[in-house]
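Source file: protein-v5.pdb (PDB, C-alpha atoms)
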MODEL        1
ATOM      1  CA  MET A  27      18.710  25.529   5.093
ATOM      2  CA  HIS A  28      18.020  23.845   8.416
ATOM      3  CA  ILE A  29      14.954  21.627   9.003
ATOM      4  CA  ARG A  30      13.959  21.228  12.655
ATOM      5  CA  LEU A  31      11.021  20.562  14.947
ATOM      6  CA  ALA A  32       8.907  23.649  15.480
ATOM      7  CA  THR A  33       8.605  25.191  18.917
ATOM      8  CA  ILE A  34       6.024  27.517  20.426
ATOM      9  CA  ALA A  35       8.505  30.337  19.767
ATOM     10  CA  ASP A  36       7.909  29.761  16.022
ATOM     11  CA  ALA A  37       4.186  30.504  16.274
ATOM     12  CA  GLU A  38       4.382  34.075  14.985
ATOM     13  CA  ALA A  39       6.566  33.196  11.982
ATOM     14  CA  ILE A  40       4.321  30.251  11.076
ATOM     15  CA  ARG A  41       1.228  32.396  11.518
ATOM     16  CA  THR A  42       2.628  35.070   9.198
ATOM     17  CA  ILE A  43       3.319  32.547   6.433
ATOM     18  CA  TYR A  44      -0.019  30.787   6.870
ATOM     19  CA  ASN A  45      -2.267  33.829   7.182
ATOM     20  CA  LEU A  46      -1.093  35.189   3.832
ATOM     21  CA  GLU A  47      -2.332  31.957   2.237
ATOM     22  CA  VAL A  48      -5.622  32.224   4.159
ATOM     23  CA  THR A  49      -6.341  35.759   2.981
ATOM     24  CA  GLU A  50      -4.964  35.672  -0.560
ATOM     25  CA  THR A  51      -5.173  32.115  -1.954
ATOM     26  CA  THR A  52      -7.242  28.971  -2.130
ATOM     27  CA  HIS A  53      -4.249  26.884  -1.006
ATOM     28  CA  THR A  54      -5.970  26.497   2.352
ATOM     29  CA  PHE A  55      -9.703  26.325   2.865
ATOM     30  CA  ASP A  56      -9.396  28.294   6.118
ATOM     31  CA  MET A  57     -11.045  31.665   5.663
ATOM     32  CA  VAL A  58     -10.251  33.438   8.926
ATOM     33  CA  PRO A  59      -6.635  34.362   9.753
ATOM     34  CA  ARG A  60      -5.228  32.769  12.893
ATOM     35  CA  SER A  61      -4.458  34.808  15.975
ATOM     36  CA  LEU A  62      -1.195  34.232  17.805
ATOM     37  CA  VAL A  63      -3.078  32.288  20.492
ATOM     38  CA  ASP A  64      -4.752  30.130  17.806
ATOM     39  CA  GLN A  65      -1.362  29.372  16.269
ATOM     40  CA  GLN A  66       0.186  28.531  19.638
ATOM     41  CA  GLN A  67      -2.693  26.150  20.412
ATOM     42  CA  TRP A  68      -2.341  24.534  16.977
ATOM     43  CA  LEU A  69       1.372  23.954  17.613
ATOM     44  CA  THR A  70       0.743  22.594  21.104
ATOM     45  CA  SER A  71      -1.774  20.095  19.711
ATOM     46  CA  ARG A  72       1.001  18.609  17.557
ATOM     47  CA  LEU A  73       3.667  17.907  20.167
ATOM     48  CA  GLY A  74       3.205  14.110  20.112
ATOM     49  CA  ALA A  75       3.111  11.763  17.120
ATOM     50  CA  LEU A  76       1.738  14.546  14.950
ATOM     51  CA  THR A  77       4.416  17.093  14.325
ATOM     52  CA  VAL A  78       5.364  20.427  12.805
ATOM     53  CA  LEU A  79       8.725  20.987  11.135
ATOM     54  CA  THR A  80      10.203  24.321  10.163
ATOM     55  CA  ALA A  81      12.700  25.339   7.522
ATOM     56  CA  GLU A  82      15.063  27.952   8.847
ATOM     57  CA  HIS A  83      17.414  30.082   6.759
ATOM     58  CA  ALA A  84      19.791  32.595   8.350
ATOM     59  CA  GLY A  85      17.860  32.356  11.614
ATOM     60  CA  GLU A  86      14.475  33.035   9.980
ATOM     61  CA  VAL A  87      11.604  30.546   9.617
ATOM     62  CA  VAL A  88      10.892  30.459   5.877
ATOM     63  CA  GLY A  89       8.508  27.506   5.753
ATOM     64  CA  PHE A  90       6.775  24.818   7.742
ATOM     65  CA  ALA A  91       5.170  21.433   7.269
ATOM     66  CA  SER A  92       2.834  19.500   9.508
ATOM     67  CA  LEU A  93       1.246  16.135  10.044
ATOM     68  CA  SER A  94      -2.418  16.069  11.014
ATOM     69  CA  SER A  95      -4.892  13.311  11.690
ATOM     70  CA  TYR A  96      -6.538  12.302   8.437
ATOM     71  CA  ARG A  97      -9.909  11.577  10.023
ATOM     72  CA  ASP A  98     -10.986  11.326  13.644
ATOM     73  CA  ARG A  99     -12.450   7.792  13.565
ATOM     74  CA  PRO A 100     -10.212   5.121  15.134
ATOM     75  CA  ALA A 101      -9.715   3.056  11.971
ATOM     76  CA  TYR A 102      -7.889   6.005  10.374
ATOM     77  CA  ARG A 103      -5.316   6.349  13.188
ATOM     78  CA  THR A 104      -2.418   5.047  11.044
ATOM     79  CA  THR A 105      -3.106   7.552   8.261
ATOM     80  CA  VAL A 106      -1.918  11.159   8.382
ATOM     81  CA  GLU A 107      -2.343  14.195   6.180
ATOM     82  CA  ASP A 108       0.439  16.632   5.394
ATOM     83  CA  SER A 109       0.492  20.381   4.856
ATOM     84  CA  VAL A 110       3.432  22.382   3.507
ATOM     85  CA  TYR A 111       3.710  26.176   3.351
ATOM     86  CA  VAL A 112       6.708  28.229   2.237
ATOM     87  CA  ALA A 113       7.199  31.982   2.545
ATOM     88  CA  ARG A 114       6.809  33.597  -0.840
ATOM     89  CA  SER A 115      10.363  34.923  -0.717
ATOM     90  CA  HIS A 116      11.645  31.329  -0.625
ATOM     91  CA  GLN A 117       9.268  29.539  -2.995
ATOM     92  CA  GLY A 118      10.874  27.753  -5.934
ATOM     93  CA  LYS A 119      14.145  27.231  -4.039
ATOM     94  CA  GLY A 120      13.653  23.647  -2.859
ATOM     95  CA  VAL A 121      12.375  24.509   0.615
ATOM     96  CA  GLY A 122       9.072  22.701   0.097
ATOM     97  CA  LYS A 123      10.820  19.527  -1.054
ATOM     98  CA  LEU A 124      13.151  19.552   1.952
ATOM     99  CA  LEU A 125      10.188  20.021   4.291
ATOM    100  CA  LEU A 126       7.992  17.385   2.643
ATOM    101  CA  THR A 127      10.819  14.838   2.502
ATOM    102  CA  ALA A 128      11.500  15.369   6.218
ATOM    103  CA  THR A 129       7.774  15.133   6.969
ATOM    104  CA  VAL A 130       7.514  11.791   5.135
ATOM    105  CA  GLU A 131      10.435  10.505   7.202
ATOM    106  CA  ALA A 132       8.857  11.813  10.410
ATOM    107  CA  ALA A 133       5.600  10.012   9.595
ATOM    108  CA  ARG A 134       7.439   6.791   8.767
ATOM    109  CA  SER A 135       9.534   6.920  11.949
ATOM    110  CA  ARG A 136       6.388   7.464  14.027
ATOM    111  CA  GLY A 137       4.856   4.264  12.639
ATOM    112  CA  PHE A 138       2.216   5.692  10.313
ATOM    113  CA  HIS A 139       1.176   3.505   7.379
ATOM    114  CA  THR A 140       0.208   6.057   4.741
ATOM    115  CA  MET A 141       0.170   9.812   4.090
ATOM    116  CA  MET A 142      -2.514  11.757   2.298
ATOM    117  CA  ALA A 143      -2.364  15.197   0.722
ATOM    118  CA  ARG A 144      -5.479  17.208  -0.101
ATOM    119  CA  ILE A 145      -4.511  19.929  -2.588
ATOM    120  CA  VAL A 146      -6.792  22.461  -4.227
ATOM    121  CA  ASP A 147      -7.029  21.258  -7.815
ATOM    122  CA  GLY A 148      -5.003  23.455 -10.120
ATOM    123  CA  HIS A 149      -2.259  24.178  -7.562
ATOM    124  CA  GLU A 150       0.325  22.585  -9.838
ATOM    125  CA  ALA A 151       3.368  23.545  -7.742
ATOM    126  CA  SER A 152       2.020  21.575  -4.775
ATOM    127  CA  ILE A 153       0.874  18.653  -6.932
ATOM    128  CA  GLN A 154       4.327  18.440  -8.566
ATOM    129  CA  LEU A 155       6.044  18.772  -5.176
ATOM    130  CA  HIS A 156       4.086  15.800  -3.857
ATOM    131  CA  ARG A 157       4.762  13.757  -7.007
ATOM    132  CA  SER A 158       8.483  14.479  -6.625
ATOM    133  CA  VAL A 159       8.569  12.651  -3.271
ATOM    134  CA  GLY A 160       6.477   9.662  -4.323
ATOM    135  CA  PHE A 161       2.835  10.702  -3.894
ATOM    136  CA  GLU A 162       0.328   9.514  -6.476
ATOM    137  CA  LEU A 163      -2.956  11.100  -7.488
ATOM    138  CA  VAL A 164      -5.756   8.834  -6.226
ATOM    139  CA  GLY A 165      -8.799  10.981  -6.922
ATOM    140  CA  ILE A 166     -10.488  14.324  -7.357
ATOM    141  CA  GLU A 167     -13.171  15.536  -4.979
ATOM    142  CA  ARG A 168     -15.480  17.759  -7.042
ATOM    143  CA  GLU A 169     -16.662  21.126  -5.706
ATOM    144  CA  VAL A 170     -16.102  20.241  -2.047
ATOM    145  CA  GLY A 171     -14.933  23.725  -1.069
ATOM    146  CA  ARG A 172     -16.069  27.259  -1.665
ATOM    147  CA  LYS A 173     -13.818  30.281  -1.233
ATOM    148  CA  PHE A 174     -13.673  33.691  -2.915
ATOM    149  CA  HIS A 175     -17.095  32.965  -4.489
ATOM    150  CA  ARG A 176     -15.746  29.927  -6.373
ATOM    151  CA  TRP A 177     -16.414  26.209  -6.102
ATOM    152  CA  LEU A 178     -13.147  24.346  -5.594
ATOM    153  CA  ASP A 179     -12.108  20.800  -6.393
ATOM    154  CA  VAL A 180      -9.523  18.959  -4.305
ATOM    155  CA  ALA A 181      -6.865  16.615  -5.675
ATOM    156  CA  LEU A 182      -6.308  13.691  -3.309
ATOM    157  CA  MET A 183      -2.765  12.305  -3.330
ATOM    158  CA  GLN A 184      -1.316   9.417  -1.354
ATOM    159  CA  ARG A 185       2.044   7.919  -0.451
ATOM    160  CA  MET A 186       2.381   4.540   1.224
ATOM    161  CA  LEU A 187       4.922   4.510   4.045
ATOM    162  CA  ARG A 188       4.945   0.822   4.950
ATOM    163  CA  SER A 189       4.623  -2.364   2.951
TER     164      SER A 189
ENDMDL
END

Show me the file's structure as structure tokens.
Amino acid sequence: MHIRLATIADAEAIRTIYNLEVTETTHTFDMVPRSLVDQQQWLTSRLGALTVLTAEHAGEVVGFASLSSYRDRPAYRTTVEDSVYVARSHQGKGVGKLLLTATVEAARSRGFHTMMARIVDGHEASIQLHRSVGFELVGIEREVGRKFHRWLDVALMQRMLRS
């Protein structure tokens, strides 16, 4: 397994992984699949301090992780939020942990102070993944999302990067 910075050439592979989650799960609150142009623009917007990493196996992108701004107000600029998605064919094989560990290191090396994860409550695999790399549950946001005709809670997890 090779973890590397994503490039624009990875847009289609990332889009394929992500759009399956959009259309079939509550793991993302997006409800409209991304076009290739949307995915390319999303990648381009993360070429600076915010980043996207991919997990590659046998020349194929099998997962990705990203850092995003936590909030757009200036006081939040040292806080980032992570996202991790793994192709179903590679889930449960440690890909998510490799990606999240590398994403934590990328955030630390870029000078961020803390990382947040917003996970649909009940997505135990993602909650356990985040716990395994030092995130702690700091709260539950009740019924803040609605998808597939259901109200959804969000577990808020946090990992400090600097003392």

Would you please work out which residue, of A:Ile29, A:Leu187, A:Val88, A:Ala39, is nearest to A:Ser135 when using only C-alpha atoms? A:Leu187

Between stretch 94-167 of chain A and stretch 65-85 of chain A, at 9 Å or less, what are the per-residue closest atom pairs and their distances in Å? Count all atoms listed in the file, order by chain and rising residue number, and return it as a tab-separated table.
residue	atom	partner	partner_atom	distance
A:Ser94	CA	A:Leu76	CA	5.9
A:Ser95	CA	A:Leu76	CA	7.5
A:Val106	CA	A:Leu76	CA	8.2
A:Val112	CA	A:Ala81	CA	8.5
A:Val121	CA	A:Ala81	CA	7.0
A:Gly122	CA	A:Ala81	CA	8.7
A:Leu124	CA	A:Ala81	CA	8.0
A:Leu125	CA	A:Ala81	CA	6.7
A:Ala128	CA	A:Leu79	CA	8.0
A:Thr129	CA	A:Leu79	CA	7.2
A:Ala132	CA	A:Thr77	CA	7.9
A:Ala133	CA	A:Leu76	CA	8.0
A:Arg136	CA	A:Ala75	CA	6.2
A:Gly137	CA	A:Ala75	CA	8.9

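Checking A:His149, A:Arg185, A:Arg114, A:Arg144 one by one against A:Glu162, counting all atoms listed in the file, you find the shortest gap at A:Arg185.
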
Quick one: distance from atom CA of A:Met27 to atom CA of A:Thr127 in Å, one decimal?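 So the answer is 13.5 Å.
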
Quick one: everything within 12 Å of A:Phe174, counting all atoms listed in the file, minus sequence neighbours fewer than 4 positions away in the same chain. Send it as a count of residues only. 11

Take the PyMOL selection byres ((chain A and resi 180) around 12), apply it to the structure above, and return the hits as a ChimeraX atom specification. /A:52-55,143-150,152-153,163-172,177-179,181-183

Let's have the selection written as a PDB file, in the coordinates of the input, with C-alpha atoms.
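Saved result, selection-v5.pdb, follows:
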ATOM      1  CA  THR A  52      -7.242  28.971  -2.130  1.00  0.00           C
ATOM      2  CA  HIS A  53      -4.249  26.884  -1.006  1.00  0.00           C
ATOM      3  CA  THR A  54      -5.970  26.497   2.352  1.00  0.00           C
ATOM      4  CA  PHE A  55      -9.703  26.325   2.865  1.00  0.00           C
ATOM      5  CA  ALA A 143      -2.364  15.197   0.722  1.00  0.00           C
ATOM      6  CA  ARG A 144      -5.479  17.208  -0.101  1.00  0.00           C
ATOM      7  CA  ILE A 145      -4.511  19.929  -2.588  1.00  0.00           C
ATOM      8  CA  VAL A 146      -6.792  22.461  -4.227  1.00  0.00           C
ATOM      9  CA  ASP A 147      -7.029  21.258  -7.815  1.00  0.00           C
ATOM     10  CA  GLY A 148      -5.003  23.455 -10.120  1.00  0.00           C
ATOM     11  CA  HIS A 149      -2.259  24.178  -7.562  1.00  0.00           C
ATOM     12  CA  GLU A 150       0.325  22.585  -9.838  1.00  0.00           C
ATOM     13  CA  SER A 152       2.020  21.575  -4.775  1.00  0.00           C
ATOM     14  CA  ILE A 153       0.874  18.653  -6.932  1.00  0.00           C
ATOM     15  CA  LEU A 163      -2.956  11.100  -7.488  1.00  0.00           C
ATOM     16  CA  VAL A 164      -5.756   8.834  -6.226  1.00  0.00           C
ATOM     17  CA  GLY A 165      -8.799  10.981  -6.922  1.00  0.00           C
ATOM     18  CA  ILE A 166     -10.488  14.324  -7.357  1.00  0.00           C
ATOM     19  CA  GLU A 167     -13.171  15.536  -4.979  1.00  0.00           C
ATOM     20  CA  ARG A 168     -15.480  17.759  -7.042  1.00  0.00           C
ATOM     21  CA  GLU A 169     -16.662  21.126  -5.706  1.00  0.00           C
ATOM     22  CA  VAL A 170     -16.102  20.241  -2.047  1.00  0.00           C
ATOM     23  CA  GLY A 171     -14.933  23.725  -1.069  1.00  0.00           C
ATOM     24  CA  ARG A 172     -16.069  27.259  -1.665  1.00  0.00           C
ATOM     25  CA  TRP A 177     -16.414  26.209  -6.102  1.00  0.00           C
ATOM     26  CA  LEU A 178     -13.147  24.346  -5.594  1.00  0.00           C
ATOM     27  CA  ASP A 179     -12.108  20.800  -6.393  1.00  0.00           C
ATOM     28  CA  ALA A 181      -6.865  16.615  -5.675  1.00  0.00           C
ATOM     29  CA  LEU A 182      -6.308  13.691  -3.309  1.00  0.00           C
ATOM     30  CA  MET A 183      -2.765  12.305  -3.330  1.00  0.00           C
TER      31      MET A 183
END

Distance atom CA of A:Tyr44-atom CA of A:Tyr111, one decimal place? 6.9 Å

Might you pull out every residue within 9 Å of A:Arg97, with all atoms listed in the file counted and same-chain residues fewer than 6 positions away left off, and present them as number ranges by chain? A: 103, 105-107

Once you have the residues from the selection above, write them out as an mmCIF file, in the frame of the given file, restricted to C-alpha atoms.
data_model
loop_
_atom_site.group_PDB
_atom_site.id
_atom_site.type_symbol
_atom_site.label_atom_id
_atom_site.label_comp_id
_atom_site.auth_asym_id
_atom_site.auth_seq_id
_atom_site.Cartn_x
_atom_site.Cartn_y
_atom_site.Cartn_z
ATOM 1 C CA ARG A 103 -5.316 6.349 13.188
ATOM 2 C CA THR A 105 -3.106 7.552 8.261
ATOM 3 C CA VAL A 106 -1.918 11.159 8.382
ATOM 4 C CA GLU A 107 -2.343 14.195 6.180
#

Would you kindly translate the PyMOL selection byres ((chain A and resi 109) around 7) into the concrete residues it picks from this file, as an mmCIF file with C-alpha atoms, keeping the file's coordinate frame?
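Result written to selection-v3.cif:
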data_model
loop_
_atom_site.group_PDB
_atom_site.id
_atom_site.type_symbol
_atom_site.label_atom_id
_atom_site.label_comp_id
_atom_site.auth_asym_id
_atom_site.auth_seq_id
_atom_site.Cartn_x
_atom_site.Cartn_y
_atom_site.Cartn_z
ATOM 1 C CA ALA A 91 5.170 21.433 7.269
ATOM 2 C CA SER A 92 2.834 19.500 9.508
ATOM 3 C CA LEU A 93 1.246 16.135 10.044
ATOM 4 C CA GLU A 107 -2.343 14.195 6.180
ATOM 5 C CA ASP A 108 0.439 16.632 5.394
ATOM 6 C CA VAL A 110 3.432 22.382 3.507
ATOM 7 C CA TYR A 111 3.710 26.176 3.351
#
